[in-house]
>>> print(open('my_file-v2.cif').read())   # mmCIF, C-alpha atoms
data_protein
#
loop_
_atom_site.group_PDB
_atom_site.id
_atom_site.type_symbol
_atom_site.label_atom_id
_atom_site.label_comp_id
_atom_site.auth_asym_id
_atom_site.auth_seq_id
_atom_site.Cartn_x
_atom_site.Cartn_y
_atom_site.Cartn_z
ATOM 1 C CA MET L 24 64.706 55.484 89.778
ATOM 2 C CA PHE L 25 67.043 52.614 89.034
ATOM 3 C CA GLU L 26 65.396 52.152 85.659
ATOM 4 C CA SER L 27 65.733 55.771 84.655
ATOM 5 C CA SER L 28 69.424 55.798 85.532
ATOM 6 C CA LEU L 29 69.776 52.618 83.528
ATOM 7 C CA ASN L 30 68.110 54.325 80.570
ATOM 8 C CA ALA L 31 70.520 57.224 80.893
ATOM 9 C CA SER L 32 73.390 54.737 80.868
ATOM 10 C CA PHE L 33 72.124 53.007 77.754
ATOM 11 C CA ALA L 34 71.562 56.318 75.994
ATOM 12 C CA ALA L 35 75.066 57.413 76.937
ATOM 13 C CA LEU L 36 76.527 54.136 75.717
ATOM 14 C CA SER L 37 74.642 54.144 72.416
ATOM 15 C CA ASP L 38 77.263 56.419 70.874
ATOM 16 C CA ALA L 39 80.571 55.004 69.603
ATOM 17 C CA THR L 40 82.587 58.082 70.594
ATOM 18 C CA ARG L 41 81.253 57.983 74.135
ATOM 19 C CA ARG L 42 82.091 54.280 74.424
ATOM 20 C CA GLY L 43 85.560 55.158 73.169
ATOM 21 C CA VAL L 44 85.883 57.876 75.804
ATOM 22 C CA LEU L 45 84.983 55.386 78.555
ATOM 23 C CA GLU L 46 87.497 52.930 77.176
ATOM 24 C CA GLN L 47 90.116 55.662 77.189
ATOM 25 C CA LEU L 48 89.295 56.686 80.745
ATOM 26 C CA ARG L 49 89.495 53.108 81.895
ATOM 27 C CA ARG L 50 93.188 53.302 81.030
ATOM 28 C CA ALA L 51 93.876 56.746 82.445
ATOM 29 C CA ASP L 52 92.223 60.011 83.444
ATOM 30 C CA ALA L 53 92.276 62.637 80.702
ATOM 31 C CA SER L 54 91.423 66.274 80.187
ATOM 32 C CA ILE L 55 88.653 67.349 77.808
ATOM 33 C CA THR L 56 91.366 68.777 75.548
ATOM 34 C CA ASP L 57 93.178 65.406 75.479
ATOM 35 C CA LEU L 58 89.949 63.628 74.608
ATOM 36 C CA ALA L 59 88.992 66.142 71.917
ATOM 37 C CA GLU L 60 92.400 65.635 70.285
ATOM 38 C CA LYS L 61 92.262 61.890 70.617
ATOM 39 C CA PHE L 62 88.858 61.692 68.955
ATOM 40 C CA GLN L 63 89.589 64.513 66.481
ATOM 41 C CA MET L 64 86.702 66.603 67.643
ATOM 42 C CA THR L 65 86.078 70.190 68.679
ATOM 43 C CA LEU L 66 86.307 71.069 72.350
ATOM 44 C CA THR L 67 82.599 71.943 72.329
ATOM 45 C CA GLY L 68 81.676 68.596 70.776
ATOM 46 C CA MET L 69 83.693 66.658 73.345
ATOM 47 C CA LYS L 70 82.221 68.732 76.199
ATOM 48 C CA LYS L 71 78.761 67.619 75.072
ATOM 49 C CA HIS L 72 79.723 63.955 75.018
ATOM 50 C CA VAL L 73 81.368 64.182 78.432
ATOM 51 C CA GLY L 74 78.270 65.980 79.721
ATOM 52 C CA VAL L 75 76.050 63.069 78.652
ATOM 53 C CA LEU L 76 78.394 60.564 80.281
ATOM 54 C CA GLU L 77 78.541 62.659 83.423
ATOM 55 C CA GLN L 78 74.763 62.839 83.690
ATOM 56 C CA ALA L 79 74.573 59.082 83.414
ATOM 57 C CA GLY L 80 77.082 58.782 86.260
ATOM 58 C CA LEU L 81 79.572 57.031 84.003
ATOM 59 C CA VAL L 82 82.120 59.826 84.180
ATOM 60 C CA MET L 83 83.144 62.364 86.820
ATOM 61 C CA THR L 84 84.898 65.622 86.042
ATOM 62 C CA GLU L 85 86.950 67.866 88.213
ATOM 63 C CA LYS L 86 88.249 71.299 87.371
ATOM 64 C CA VAL L 87 91.735 72.072 88.548
ATOM 65 C CA GLY L 88 92.880 75.511 87.476
ATOM 66 C CA ARG L 89 91.953 75.863 83.836
ATOM 67 C CA VAL L 90 91.957 72.145 83.106
ATOM 68 C CA ARG L 91 88.879 69.939 83.450
ATOM 69 C CA THR L 92 89.971 66.367 84.156
ATOM 70 C CA CYS L 93 87.680 63.423 83.413
ATOM 71 C CA LYS L 94 87.706 60.031 85.122
ATOM 72 C CA LEU L 95 85.422 57.048 85.334
ATOM 73 C CA GLY L 96 82.343 57.599 87.463
ATOM 74 C CA LEU L 97 81.310 55.364 90.337
ATOM 75 C CA ARG L 98 78.455 53.825 88.357
ATOM 76 C CA ARG L 99 80.934 52.437 85.885
ATOM 77 C CA LEU L 100 82.872 50.736 88.643
ATOM 78 C CA ASP L 101 79.682 49.320 90.109
ATOM 79 C CA GLU L 102 78.694 47.949 86.737
ATOM 80 C CA GLU L 103 82.009 46.230 86.313
ATOM 81 C CA ALA L 104 81.741 44.660 89.731
ATOM 82 C CA ALA L 105 78.223 43.519 88.878
ATOM 83 C CA TRP L 106 79.403 42.140 85.534
ATOM 84 C CA ILE L 107 82.091 40.074 87.263
ATOM 85 C CA GLU L 108 79.591 38.938 89.883
ATOM 86 C CA ARG L 109 77.098 37.746 87.258
ATOM 87 C CA HIS L 110 79.802 35.689 85.612
ATOM 88 C CA ARG L 111 80.942 34.315 88.943
ATOM 89 C CA GLN L 112 77.403 33.237 89.790
ATOM 90 C CA LEU L 113 76.906 31.536 86.462
ATOM 91 C CA TRP L 114 80.216 29.680 86.485
ATOM 92 C CA GLY L 115 79.950 28.899 90.195
ATOM 93 C CA ALA L 116 76.541 27.295 89.653
ATOM 94 C CA ARG L 117 77.766 25.378 86.610
ATOM 95 C CA PHE L 118 80.850 24.104 88.368
ATOM 96 C CA ASP L 119 78.945 23.018 91.458
ATOM 97 C CA GLU L 120 76.866 20.805 89.165
ATOM 98 C CA LEU L 121 80.026 19.626 87.416
ATOM 99 C CA ASP L 122 81.332 18.517 90.839
ATOM 100 C CA THR L 123 78.387 16.112 91.021
ATOM 101 C CA VAL L 124 79.165 14.693 87.588
ATOM 102 C CA VAL L 125 82.858 14.308 88.479
ATOM 103 C CA GLU L 126 82.000 12.512 91.751
ATOM 104 C CA GLU L 127 79.707 10.161 89.876
ATOM 105 C CA LEU L 128 82.337 9.352 87.245
ATOM 106 C CA LYS L 129 84.906 8.722 89.969
ATOM 107 C CA ARG L 130 82.549 6.311 91.736
ATOM 108 C CA ARG L 131 81.748 4.534 88.511
ATOM 109 C CA GLU L 132 85.438 4.144 87.781
ATOM 110 C CA LYS L 133 86.041 2.685 91.231
ATOM 111 C CA VAL L 134 83.240 0.151 90.820
ATOM 112 C CA ASN L 135 84.456 -0.819 87.348
ATOM 113 C CA GLY L 136 88.000 -1.141 88.683
ATOM 114 C CA ARG L 137 86.792 -3.454 91.433
ATOM 115 C CA LYS L 138 84.883 -5.620 88.952
ATOM 116 C CA LYS L 139 87.970 -6.044 86.813
ATOM 117 C CA ARG L 140 89.980 -7.286 89.763
ATOM 118 C CA MET W 8 75.649 2.732 100.614
ATOM 119 C CA ASP W 9 75.806 5.054 97.669
ATOM 120 C CA ALA W 10 72.444 6.569 98.479
ATOM 121 C CA ARG W 11 73.540 7.369 101.994
ATOM 122 C CA ARG W 12 76.749 8.938 100.758
ATOM 123 C CA ASP W 13 74.778 11.094 98.343
ATOM 124 C CA SER W 14 72.605 12.510 101.079
ATOM 125 C CA GLU W 15 75.510 13.508 103.273
ATOM 126 C CA PRO W 16 76.444 17.172 103.136
ATOM 127 C CA THR W 17 78.926 17.763 100.362
ATOM 128 C CA PRO W 18 82.449 18.620 101.430
ATOM 129 C CA MET W 19 83.417 22.261 101.187
ATOM 130 C CA LYS W 20 82.995 23.519 97.655
ATOM 131 C CA ASN W 21 85.988 24.748 95.737
ATOM 132 C CA ARG W 22 86.040 28.424 94.936
ATOM 133 C CA THR W 23 85.254 29.731 91.478
ATOM 134 C CA THR W 24 87.204 32.866 90.658
ATOM 135 C CA VAL W 25 86.395 35.192 87.786
ATOM 136 C CA GLU W 26 88.824 37.818 86.622
ATOM 137 C CA ARG W 27 88.784 40.396 83.888
ATOM 138 C CA LYS W 28 92.385 39.809 82.909
ATOM 139 C CA SER W 29 92.461 42.534 80.294
ATOM 140 C CA GLU W 30 90.035 44.550 78.212
ATOM 141 C CA ARG W 31 89.636 41.585 75.891
ATOM 142 C CA GLU W 32 89.951 38.654 78.296
ATOM 143 C CA LEU W 33 87.825 36.897 80.887
ATOM 144 C CA VAL W 34 89.416 34.165 83.010
ATOM 145 C CA VAL W 35 87.529 31.678 85.201
ATOM 146 C CA THR W 36 89.490 29.361 87.533
ATOM 147 C CA ARG W 37 88.298 26.379 89.555
ATOM 148 C CA THR W 38 89.731 23.210 91.105
ATOM 149 C CA PHE W 39 87.863 19.907 90.800
ATOM 150 C CA ASN W 40 88.318 16.898 93.099
ATOM 151 C CA GLY W 41 89.072 14.396 90.363
ATOM 152 C CA PRO W 42 91.718 13.628 87.759
ATOM 153 C CA ALA W 43 91.902 15.645 84.546
ATOM 154 C CA ARG W 44 90.771 12.759 82.348
ATOM 155 C CA ILE W 45 87.471 12.592 84.243
ATOM 156 C CA VAL W 46 86.871 16.345 84.193
ATOM 157 C CA PHE W 47 87.782 16.409 80.499
ATOM 158 C CA GLU W 48 85.268 13.635 79.861
ATOM 159 C CA ALA W 49 82.541 15.729 81.482
ATOM 160 C CA TRP W 50 83.348 18.563 79.040
ATOM 161 C CA THR W 51 83.438 16.451 75.915
ATOM 162 C CA LYS W 52 80.588 13.943 76.202
ATOM 163 C CA PRO W 53 77.307 15.666 75.391
ATOM 164 C CA GLU W 54 75.258 13.445 77.734
ATOM 165 C CA LEU W 55 77.523 14.548 80.624
ATOM 166 C CA PHE W 56 78.069 18.140 79.474
ATOM 167 C CA ARG W 57 74.372 18.909 79.295
ATOM 168 C CA ARG W 58 73.925 17.863 82.921
ATOM 169 C CA TRP W 59 75.960 20.740 84.293
ATOM 170 C CA TRP W 60 76.235 23.465 81.621
ATOM 171 C CA VAL W 61 72.754 24.716 82.466
ATOM 172 C CA PRO W 62 72.564 24.527 86.259
ATOM 173 C CA LYS W 63 69.334 23.182 87.717
ATOM 174 C CA SER W 64 69.077 26.238 89.945
ATOM 175 C CA MET W 65 68.430 28.304 86.829
ATOM 176 C CA GLY W 66 65.281 26.475 85.916
ATOM 177 C CA MET W 67 66.056 26.004 82.260
ATOM 178 C CA SER W 68 67.208 23.109 80.192
ATOM 179 C CA LEU W 69 68.806 22.251 76.919
ATOM 180 C CA ARG W 70 66.510 21.115 74.166
ATOM 181 C CA SER W 71 69.480 19.663 72.341
ATOM 182 C CA CYS W 72 73.225 19.360 72.741
ATOM 183 C CA GLU W 73 75.311 18.206 69.818
ATOM 184 C CA MET W 74 79.078 18.069 70.117
ATOM 185 C CA ASP W 75 81.480 16.727 67.529
ATOM 186 C CA VAL W 76 84.590 17.046 69.682
ATOM 187 C CA ARG W 77 87.512 16.973 67.251
ATOM 188 C CA VAL W 78 89.524 19.662 65.487
ATOM 189 C CA GLY W 79 87.177 21.348 63.034
ATOM 190 C CA GLY W 80 84.133 19.622 64.574
ATOM 191 C CA LYS W 81 81.018 21.660 65.410
ATOM 192 C CA TYR W 82 78.890 21.996 68.508
ATOM 193 C CA ARG W 83 75.387 23.356 68.889
ATOM 194 C CA LEU W 84 73.372 23.946 72.071
ATOM 195 C CA GLU W 85 69.692 24.812 71.910
ATOM 196 C CA PHE W 86 67.782 25.995 74.940
ATOM 197 C CA GLU W 87 64.158 25.658 75.796
ATOM 198 C CA PRO W 88 61.666 27.103 76.055
ATOM 199 C CA ASP W 89 62.893 29.962 73.874
ATOM 200 C CA ALA W 90 65.152 28.076 71.433
ATOM 201 C CA VAL W 91 68.191 30.327 71.932
ATOM 202 C CA ALA W 92 71.113 28.612 70.197
ATOM 203 C CA PHE W 93 74.837 28.706 70.910
ATOM 204 C CA PHE W 94 77.187 27.186 68.371
ATOM 205 C CA GLY W 95 80.770 27.115 67.150
ATOM 206 C CA THR W 96 83.756 25.040 66.073
ATOM 207 C CA TYR W 97 86.437 23.180 68.006
ATOM 208 C CA LEU W 98 89.874 24.541 67.112
ATOM 209 C CA GLU W 99 91.992 22.359 69.419
ATOM 210 C CA VAL W 100 91.210 19.093 71.147
ATOM 211 C CA ILE W 101 94.035 17.616 73.238
ATOM 212 C CA PRO W 102 92.741 15.018 75.714
ATOM 213 C CA PRO W 103 92.786 15.382 78.625
ATOM 214 C CA SER W 104 94.453 18.760 78.897
ATOM 215 C CA ARG W 105 93.162 21.333 76.418
ATOM 216 C CA LEU W 106 90.053 22.399 74.512
ATOM 217 C CA VAL W 107 89.649 25.457 72.295
ATOM 218 C CA TRP W 108 86.459 26.478 70.543
ATOM 219 C CA THR W 109 84.872 29.429 68.801
ATOM 220 C CA ASN W 110 81.564 31.057 69.750
ATOM 221 C CA GLU W 111 79.823 31.949 66.515
ATOM 222 C CA GLU W 112 76.246 32.741 67.546
ATOM 223 C CA GLY W 113 77.083 36.445 67.578
ATOM 224 C CA GLY W 114 78.781 36.439 64.168
ATOM 225 C CA GLU W 115 82.260 35.764 62.842
ATOM 226 C CA ASP W 116 84.162 37.809 65.425
ATOM 227 C CA GLY W 117 82.873 35.919 68.456
ATOM 228 C CA PRO W 118 85.109 35.155 71.418
ATOM 229 C CA VAL W 119 87.426 32.152 71.452
ATOM 230 C CA THR W 120 87.198 29.938 74.537
ATOM 231 C CA THR W 121 90.237 28.010 75.775
ATOM 232 C CA VAL W 122 89.908 25.508 78.615
ATOM 233 C CA THR W 123 92.957 23.859 80.155
ATOM 234 C CA PHE W 124 92.861 20.904 82.557
ATOM 235 C CA GLU W 125 95.926 20.453 84.731
ATOM 236 C CA ASP W 126 96.410 17.373 86.917
ATOM 237 C CA LYS W 127 97.460 18.277 90.442
ATOM 238 C CA GLY W 128 97.811 15.161 92.570
ATOM 239 C CA GLY W 129 94.444 13.628 91.777
ATOM 240 C CA LYS W 130 92.753 17.015 91.466
ATOM 241 C CA THR W 131 92.306 19.174 88.409
ATOM 242 C CA LEU W 132 93.040 22.855 88.074
ATOM 243 C CA LEU W 133 90.721 24.142 85.379
ATOM 244 C CA VAL W 134 91.296 27.501 83.706
ATOM 245 C CA LEU W 135 88.757 28.847 81.260
ATOM 246 C CA HIS W 136 89.894 31.749 79.168
ATOM 247 C CA GLU W 137 87.702 33.789 76.822
ATOM 248 C CA LEU W 138 89.394 36.077 74.343
ATOM 249 C CA TYR W 139 87.300 38.698 72.570
ATOM 250 C CA SER W 140 88.332 40.057 69.192
ATOM 251 C CA SER W 141 88.164 43.736 70.109
ATOM 252 C CA LYS W 142 87.091 46.180 72.757
ATOM 253 C CA GLU W 143 83.785 46.580 70.923
ATOM 254 C CA ALA W 144 83.282 42.832 71.200
ATOM 255 C CA LEU W 145 83.971 43.030 74.919
ATOM 256 C CA ASP W 146 81.471 45.877 75.247
ATOM 257 C CA ALA W 147 78.951 43.560 73.640
ATOM 258 C CA ALA W 148 79.975 40.769 75.998
ATOM 259 C CA GLY W 149 78.098 42.676 78.670
ATOM 260 C CA THR W 150 75.011 41.390 76.906
ATOM 261 C CA GLY W 151 76.610 38.254 75.515
ATOM 262 C CA ALA W 152 76.035 34.587 76.107
ATOM 263 C CA ALA W 153 76.355 34.411 79.869
ATOM 264 C CA ASP W 154 74.436 37.609 80.536
ATOM 265 C CA ALA W 155 71.750 36.788 78.020
ATOM 266 C CA MET W 156 71.278 33.549 79.847
ATOM 267 C CA VAL W 157 71.132 35.130 83.281
ATOM 268 C CA GLU W 158 68.670 37.690 81.956
ATOM 269 C CA THR W 159 66.530 34.998 80.401
ATOM 270 C CA PHE W 160 66.460 33.188 83.705
ATOM 271 C CA ALA W 161 65.516 36.379 85.501
ATOM 272 C CA GLN W 162 62.643 36.849 83.061
ATOM 273 C CA LEU W 163 61.523 33.312 83.643
ATOM 274 C CA ASP W 164 61.625 33.886 87.401
ATOM 275 C CA GLU W 165 59.390 36.907 86.969
ATOM 276 C CA LEU W 166 56.996 34.953 84.810
ATOM 277 C CA LEU W 167 56.757 32.223 87.412
ATOM 278 C CA LEU W 168 56.293 34.732 90.227
ATOM 279 C CA ALA W 169 53.495 36.422 88.331
ATOM 280 C CA ARG W 170 51.454 33.221 88.254
#
>>> encode(input="my_file-v2.cif", output="structure tokens")
Amino acid sequence: MFESSLNASFAALSDATRRGVLEQLRRADASITDLAEKFQMTLTGMKKHVGVLEQAGLVMTEKVGRVRTCKLGLRRLDEEAAWIERHRQLWGARFDELDTVVEELKRREKVNGRKKR
Amino acid sequence: MDARRDSEPTPMKNRTTVERKSERELVVTRTFNGPARIVFEAWTKPELFRRWWVPKSMGMSLRSCEMDVRVGGKYRLEFEPDAVAFFGTYLEVIPPSRLVWTNEEGGEDGPVTTVTFEDKGGKTLLVLHELYSSKEALDAAGTGAADAMVETFAQLDELLLAR
């Protein structure tokens, strides 16, 4: 199940317009009309793109009156958190090893300092 | 004496923080318990750099690590077993406080990495800053150097588990 939702995400993200829409929504929520104007596209065309993003869980839409408002979906937020976490793990692991190197250099410096005296 | 000290539990580790500062910027911050000149040395001498850049816990190693640390000098890291290479050019080298380099393995528009080392009473505040050229480049960063590496390690884990 996880894999199929991942596939849907990749398919949704394979299109430049849809990536642009996500980028736009990261800044602020927008209506389908706003997005269609922004990307110089018909309302129908933009509805299709938003539909694909919605199915992938990357975007949520909500209809208030006659306006359908789009915002980032929960999956997108999860992915960002995961992205940060992957980087934190990598750098954390690197820097823990760097601590060892720093300790060793400090010790070496101390010993050398003692020898000089 | 030294051996005994090594086996003692390490004092509390300093926290590594990662922040997506903007759509084009990643910032990693960490304090080290040593002066900036020592931390800087560990970033600029290949024999030291290679000891920590690929953490042991990840089960991979560098096949080669060449670093010509001066303005305009090149670096090149090659991993084994799959020979993935990371390379670029040093743009700024100011011992012991600042290093700037390009990341060119993904093409001309790769991110630029800036590392600053700030002395704080015998400790060093290190800030690593990666600036991507565009939002598209940041999109790609999701599968860029760090992720590619983590993914490679995950694949290796699977391979080892399967045995």
>>> interface_residues(input="my_file-v2.cif", of="chain L", to="chain W", cutoff="10 Å", atoms="all atoms listed in the file", output="PyMOL selection string")
chain L and resi 36+39+42-43+46+49-50+102-103+106-130+132
>>> residues_around(input="my_file-v2.cif", residues="Thr92 of chain L", least_positions_apart="6", cutoff="10 Å", atoms="only C-alpha atoms", output="VMD selection string")
chain L and resid 52 to 58 83 to 86
>>> closest_residue(input="my_file-v2.cif", among="L:Leu45, L:Ala59, L:Leu66, L:Ala79", to="Ser32 of chain L", atoms="all atoms listed in the file")
L:Ala79
>>> atom_distance(input="my_file-v2.cif", atom1="atom CA of Val44 of chain L", atom2="atom CA of Glu60 of chain L")
11.5 Å
>>> residues_around(input="my_file-v2.cif", residues="segment 115-127 of chain W", least_positions_apart="6", cutoff="8 Å", atoms="all atoms listed in the file", output="ChimeraX atom specification")
/W:42-43,46-47,103-109,133-140,144
>>> write_last_selection(input="my_file-v2.cif", atoms="C-alpha atoms", output="tab-separated table (two decimals), in the frame of the given file")
chain	number	residue	atom	x	y	z
W	42	PRO	CA	91.72	13.63	87.76
W	43	ALA	CA	91.90	15.64	84.55
W	46	VAL	CA	86.87	16.34	84.19
W	47	PHE	CA	87.78	16.41	80.50
W	103	PRO	CA	92.79	15.38	78.62
W	104	SER	CA	94.45	18.76	78.90
W	105	ARG	CA	93.16	21.33	76.42
W	106	LEU	CA	90.05	22.40	74.51
W	107	VAL	CA	89.65	25.46	72.30
W	108	TRP	CA	86.46	26.48	70.54
W	109	THR	CA	84.87	29.43	68.80
W	133	LEU	CA	90.72	24.14	85.38
W	134	VAL	CA	91.30	27.50	83.71
W	135	LEU	CA	88.76	28.85	81.26
W	136	HIS	CA	89.89	31.75	79.17
W	137	GLU	CA	87.70	33.79	76.82
W	138	LEU	CA	89.39	36.08	74.34
W	139	TYR	CA	87.30	38.70	72.57
W	140	SER	CA	88.33	40.06	69.19
W	144	ALA	CA	83.28	42.83	71.20
>>> atom_distance(input="my_file-v2.cif", atom1="atom CA of Pro88 of chain W", atom2="atom CA of Glu73 of chain W")
17.4 Å
>>> atom_distance(input="my_file-v2.cif", atom1="atom CA of Asn110 of chain W", atom2="atom CA of Phe93 of chain W")
7.2 Å
>>> resolve_selection(input="my_file-v2.cif", expression="the PyMOL selection byres ((chain L and resi 72-76) around 8)", output="list in words")
Ser32, Ala35, Thr40, Arg41, Ile55, Gly68, Met69, Lys70, Lys71, Glu77, Gln78, Ala79, Gly80, Leu81 and Val82 of chain L
>>> resolve_selection(input="my_file-v2.cif", expression="the PyMOL selection byres ((chain W and resi 83) around 12)", output="compact mmCIF listing (two decimals) with C-alpha atoms, in the coordinates of the input")
# COMPACT_ATOMS: atom_id res chain seq x y z
CA PRO W 53 77.31 15.67 75.39
CA ARG W 57 74.37 18.91 79.30
CA LEU W 69 68.81 22.25 76.92
CA ARG W 70 66.51 21.12 74.17
CA SER W 71 69.48 19.66 72.34
CA CYS W 72 73.22 19.36 72.74
CA GLU W 73 75.31 18.21 69.82
CA MET W 74 79.08 18.07 70.12
CA ASP W 75 81.48 16.73 67.53
CA VAL W 76 84.59 17.05 69.68
CA GLY W 80 84.13 19.62 64.57
CA LYS W 81 81.02 21.66 65.41
CA TYR W 82 78.89 22.00 68.51
CA LEU W 84 73.37 23.95 72.07
CA GLU W 85 69.69 24.81 71.91
CA PHE W 86 67.78 26.00 74.94
CA ALA W 90 65.15 28.08 71.43
CA VAL W 91 68.19 30.33 71.93
CA ALA W 92 71.11 28.61 70.20
CA PHE W 93 74.84 28.71 70.91
CA PHE W 94 77.19 27.19 68.37
CA GLY W 95 80.77 27.12 67.15
CA THR W 96 83.76 25.04 66.07
CA TYR W 97 86.44 23.18 68.01
CA TRP W 108 86.46 26.48 70.54
CA THR W 109 84.87 29.43 68.80
CA ASN W 110 81.56 31.06 69.75
CA GLU W 111 79.82 31.95 66.52
CA GLU W 112 76.25 32.74 67.55
>>> axis_aligned_box(input="my_file-v2.cif", around="segment 22-37 of chain W", padding_each_side="5 Å", output="lines of an AutoDock Vina configuration file")
center_x = 88.9
center_y = 35.5
center_z = 85.4
size_x = 17.2
size_y = 28.2
size_z = 29.0
>>> decode(input="my_file-v2.cif", residues="segment 66-88 of chain L", atoms="N, CA and C atoms", output="mmCIF file, in the first residue's frame")
data_model
loop_
_atom_site.group_PDB
_atom_site.id
_atom_site.type_symbol
_atom_site.label_atom_id
_atom_site.label_comp_id
_atom_site.auth_asym_id
_atom_site.auth_seq_id
_atom_site.Cartn_x
_atom_site.Cartn_y
_atom_site.Cartn_z
ATOM 1 N N LEU L 66 -9.492 26.375 -16.879
ATOM 2 C CA LEU L 66 -9.992 25.881 -15.605
ATOM 3 C C LEU L 66 -10.047 24.353 -15.602
ATOM 4 N N THR L 67 -10.519 23.795 -16.716
ATOM 5 C CA THR L 67 -10.623 22.335 -16.847
ATOM 6 C C THR L 67 -9.252 21.681 -16.734
ATOM 7 N N GLY L 68 -8.276 22.258 -17.412
ATOM 8 C CA GLY L 68 -6.909 21.709 -17.375
ATOM 9 C C GLY L 68 -6.367 21.724 -15.955
ATOM 10 N N MET L 69 -6.546 22.829 -15.256
ATOM 11 C CA MET L 69 -6.035 22.936 -13.889
ATOM 12 C C MET L 69 -6.774 21.986 -12.957
ATOM 13 N N LYS L 70 -8.087 21.818 -13.178
ATOM 14 C CA LYS L 70 -8.860 20.869 -12.354
ATOM 15 C C LYS L 70 -8.270 19.468 -12.460
ATOM 16 N N LYS L 71 -7.860 19.101 -13.663
ATOM 17 C CA LYS L 71 -7.265 17.767 -13.877
ATOM 18 C C LYS L 71 -5.976 17.616 -13.075
ATOM 19 N N HIS L 72 -5.118 18.629 -13.196
ATOM 20 C CA HIS L 72 -3.844 18.572 -12.466
ATOM 21 C C HIS L 72 -4.079 18.474 -10.958
ATOM 22 N N VAL L 73 -4.976 19.312 -10.462
ATOM 23 C CA VAL L 73 -5.270 19.307 -9.026
ATOM 24 C C VAL L 73 -5.848 17.950 -8.606
ATOM 25 N N GLY L 74 -6.667 17.374 -9.504
ATOM 26 C CA GLY L 74 -7.237 16.054 -9.229
ATOM 27 C C GLY L 74 -6.154 14.991 -9.033
ATOM 28 N N VAL L 75 -5.140 15.032 -9.900
ATOM 29 C CA VAL L 75 -4.029 14.069 -9.790
ATOM 30 C C VAL L 75 -3.279 14.267 -8.468
ATOM 31 N N LEU L 76 -3.034 15.527 -8.134
ATOM 32 C CA LEU L 76 -2.325 15.827 -6.887
ATOM 33 C C LEU L 76 -3.147 15.413 -5.673
ATOM 34 N N GLU L 77 -4.454 15.593 -5.783
ATOM 35 C CA GLU L 77 -5.347 15.254 -4.691
ATOM 36 C C GLU L 77 -5.360 13.744 -4.460
ATOM 37 N N GLN L 78 -5.406 13.008 -5.573
ATOM 38 C CA GLN L 78 -5.416 11.540 -5.457
ATOM 39 C C GLN L 78 -4.145 11.003 -4.819
ATOM 40 N N ALA L 79 -3.059 11.705 -5.080
ATOM 41 C CA ALA L 79 -1.776 11.285 -4.505
ATOM 42 C C ALA L 79 -1.634 11.737 -3.051
ATOM 43 N N GLY L 80 -2.616 12.504 -2.568
ATOM 44 C CA GLY L 80 -2.561 12.978 -1.189
ATOM 45 C C GLY L 80 -1.656 14.182 -1.004
ATOM 46 N N LEU L 81 -1.209 14.753 -2.121
ATOM 47 C CA LEU L 81 -0.288 15.891 -2.032
ATOM 48 C C LEU L 81 -1.040 17.198 -1.841
ATOM 49 N N VAL L 82 -2.303 17.200 -2.259
ATOM 50 C CA VAL L 82 -3.108 18.414 -2.162
ATOM 51 C C VAL L 82 -4.481 18.066 -1.592
ATOM 52 N N MET L 83 -5.040 18.987 -0.825
ATOM 53 C CA MET L 83 -6.425 18.831 -0.350
ATOM 54 C C MET L 83 -7.228 19.990 -0.918
ATOM 55 N N THR L 84 -8.483 19.738 -1.246
ATOM 56 C CA THR L 84 -9.324 20.847 -1.701
ATOM 57 C C THR L 84 -10.573 20.929 -0.838
ATOM 58 N N GLU L 85 -11.083 22.129 -0.781
ATOM 59 C CA GLU L 85 -12.260 22.366 0.041
ATOM 60 C C GLU L 85 -13.134 23.379 -0.683
ATOM 61 N N LYS L 86 -14.402 23.048 -0.825
ATOM 62 C CA LYS L 86 -15.281 23.964 -1.541
ATOM 63 C C LYS L 86 -16.054 24.840 -0.562
ATOM 64 N N VAL L 87 -15.833 26.117 -0.686
ATOM 65 C CA VAL L 87 -16.573 27.065 0.146
ATOM 66 C C VAL L 87 -17.366 27.956 -0.796
ATOM 67 N N GLY L 88 -18.684 27.831 -0.737
ATOM 68 C CA GLY L 88 -19.515 28.573 -1.685
ATOM 69 C C GLY L 88 -19.227 28.091 -3.100
#
